[in-house]
Amino acid sequence: MEPSSYHFLPLTLFFYLALVVLLIAAVTLIEVGVVSYASEKMGISRRWVYLLLFLSLAGSCINIPVAQIPGEPVLSGVEVQSFGIHYFVPVVRQTKGTIVALNLGGAVIPTMLSLYLLIKHRLYLPGLAGVAIVSAVLFWMAKPTEGVGITVPILLPPLITALVALLLESESAAPLAYIAGTLGTLIGADLLHLGALQGMHAPVASIGGAGTFDGIFMIGLLAMLLA
């Protein structure tokens, strides 16, 4: 597979632009005072949150290969729909074997921020419980999708995350929502389904990328607004 095949938008252009518009709208509402952002609750200034969310969007097209599942033929250059969201399977020259990769914007950056918030707020027990609950729900709801990998409904991660965070630690709901939602989605939807990738004919199975990036990004917006 050509190196350029690792780098592609996690969604079709329409849905990707919709996430860009949502982020711009959320930032605008906060800046004009329609909704508030309490930095002491998140433990990070809103300017840094804005930057990290924009970097997450920009980094979502970058996949870092970590392993390969050899042998099976893969799809190439087609559009796939799952849970109402459209995904574009990248064009590849190598027609056999699935590359397992880490998505920069959907796995690497969110995981680093989650660990920072976990340590800063000392949310070890609530964080562990939240990650376990979200992981279990998303493991059950995740759907293997041919050509893409594992997909989840876009609104399920933020909704279940908000409920779990408010029930477990209402005073620190914003950082806990980000921690539980991000790590819970990556573990429950992606990592625990790695064994199901065989036979899905996906050229690139991206952890935190196509299939789960939209839900993880929405969790970031939710945590920013919960603050």
# chains A, B, ... in the order shown; residues from 1 in each chain; ligands from 1
>>> residues_around(residues="Ala165 of chain A", least_positions_apart="2", cutoff="12 Å", atoms="only C-alpha atoms", output="JSON, numbers by chain")
{"A": [123, 126, 127, 128, 129, 130, 131, 133, 134, 157, 158, 159, 160, 161, 162, 163, 167, 168, 169, 170, 171, 172, 173, 174, 175, 176, 177, 178, 179, 180, 181, 219, 222, 223, 226, 227]}
>>> write_last_selection(atoms="C-alpha atoms", output="PDB file, in the first residue's frame")
ATOM      1  CA  LEU A 123     -10.096  11.417  38.708  1.00  0.00           C
ATOM      2  CA  PRO A 126     -14.360   7.958  38.582  1.00  0.00           C
ATOM      3  CA  GLY A 127     -12.212   7.860  35.452  1.00  0.00           C
ATOM      4  CA  LEU A 128     -11.753   4.089  35.654  1.00  0.00           C
ATOM      5  CA  ALA A 129     -15.474   3.557  36.279  1.00  0.00           C
ATOM      6  CA  GLY A 130     -16.467   5.951  33.486  1.00  0.00           C
ATOM      7  CA  VAL A 131     -14.104   4.386  30.960  1.00  0.00           C
ATOM      8  CA  ILE A 133     -19.034   1.863  31.469  1.00  0.00           C
ATOM      9  CA  VAL A 134     -18.560   3.718  28.183  1.00  0.00           C
ATOM     10  CA  PRO A 157     -20.567   8.401  22.592  1.00  0.00           C
ATOM     11  CA  PRO A 158     -21.350  11.992  23.706  1.00  0.00           C
ATOM     12  CA  LEU A 159     -24.791  11.090  25.073  1.00  0.00           C
ATOM     13  CA  ILE A 160     -23.689   8.099  27.150  1.00  0.00           C
ATOM     14  CA  THR A 161     -20.585  10.026  28.213  1.00  0.00           C
ATOM     15  CA  ALA A 162     -22.580  13.026  29.475  1.00  0.00           C
ATOM     16  CA  LEU A 163     -24.894  10.787  31.485  1.00  0.00           C
ATOM     17  CA  LEU A 167     -23.803  10.639  37.588  1.00  0.00           C
ATOM     18  CA  LEU A 168     -20.276   9.794  38.709  1.00  0.00           C
ATOM     19  CA  GLU A 169     -18.755  13.230  39.351  1.00  0.00           C
ATOM     20  CA  SER A 170     -21.037  16.196  38.706  1.00  0.00           C
ATOM     21  CA  GLU A 171     -18.462  18.718  40.007  1.00  0.00           C
ATOM     22  CA  SER A 172     -15.880  17.521  37.497  1.00  0.00           C
ATOM     23  CA  ALA A 173     -18.286  16.431  34.785  1.00  0.00           C
ATOM     24  CA  ALA A 174     -16.452  18.233  31.966  1.00  0.00           C
ATOM     25  CA  PRO A 175     -12.988  16.631  32.325  1.00  0.00           C
ATOM     26  CA  LEU A 176     -14.504  13.284  33.294  1.00  0.00           C
ATOM     27  CA  ALA A 177     -16.720  13.354  30.202  1.00  0.00           C
ATOM     28  CA  TYR A 178     -13.693  13.865  27.995  1.00  0.00           C
ATOM     29  CA  ILE A 179     -11.660  11.144  29.728  1.00  0.00           C
ATOM     30  CA  ALA A 180     -14.408   8.516  29.876  1.00  0.00           C
ATOM     31  CA  GLY A 181     -15.791   9.303  26.436  1.00  0.00           C
ATOM     32  CA  ILE A 219     -17.200  14.313  22.982  1.00  0.00           C
ATOM     33  CA  LEU A 222     -19.579  18.254  24.740  1.00  0.00           C
ATOM     34  CA  ALA A 223     -16.841  18.518  27.376  1.00  0.00           C
ATOM     35  CA  LEU A 226     -20.300  21.053  29.960  1.00  0.00           C
ATOM     36  CA  ALA A 227     -17.648  23.203  31.589  1.00  0.00           C
TER      37      ALA A 227
END
>>> closest_atom_pairs(of="segment 134-182 of chain A", to="segment 201-212 of chain A", cutoff="12 Å", atoms="only C-alpha atoms", output="Markdown table")
| residue | atom | partner | partner_atom | distance |
| --- | --- | --- | --- | --- |
| A:Leu138 | CA | A:Thr212 | CA | 10.2 |
| A:Phe139 | CA | A:Thr212 | CA | 11.9 |
| A:Met141 | CA | A:Thr212 | CA | 11.8 |
| A:Ala142 | CA | A:Gly211 | CA | 9.2 |
| A:Lys143 | CA | A:Gly211 | CA | 9.0 |
| A:Pro144 | CA | A:Gly211 | CA | 9.2 |
| A:Thr145 | CA | A:Gly211 | CA | 8.5 |
| A:Glu146 | CA | A:His201 | CA | 6.0 |
| A:Gly147 | CA | A:Ala202 | CA | 3.9 |
| A:Val148 | CA | A:Ala202 | CA | 5.2 |
| A:Gly149 | CA | A:Ala205 | CA | 5.4 |
| A:Ile150 | CA | A:Gly211 | CA | 5.6 |
| A:Thr151 | CA | A:Gly211 | CA | 3.9 |
| A:Val152 | CA | A:Thr212 | CA | 6.1 |
| A:Pro153 | CA | A:Thr212 | CA | 8.4 |
| A:Ile154 | CA | A:Thr212 | CA | 7.7 |
| A:Leu155 | CA | A:Thr212 | CA | 10.7 |
| A:Leu156 | CA | A:Thr212 | CA | 10.5 |
| A:Pro157 | CA | A:Thr212 | CA | 9.0 |
| A:Pro158 | CA | A:Thr212 | CA | 11.6 |
| A:Gly181 | CA | A:Thr212 | CA | 11.2 |
| A:Thr182 | CA | A:Gly208 | CA | 9.0 |
>>> closest_atom_pairs(of="segment 80-179 of chain A", to="segment 59-62 of chain A", cutoff="10 Å", atoms="only C-alpha atoms", output="tab-separated table")
residue	atom	partner	partner_atom	distance
A:Ala101	CA	A:Ile62	CA	9.4
A:Leu102	CA	A:Ile62	CA	8.4
A:Asn103	CA	A:Ile62	CA	5.9
A:Leu104	CA	A:Gly59	CA	5.2
A:Gly105	CA	A:Gly59	CA	4.1
A:Gly106	CA	A:Ser60	CA	5.9
A:Ala107	CA	A:Ser60	CA	8.8
A:Val108	CA	A:Gly59	CA	9.3
A:Ile109	CA	A:Gly59	CA	8.5
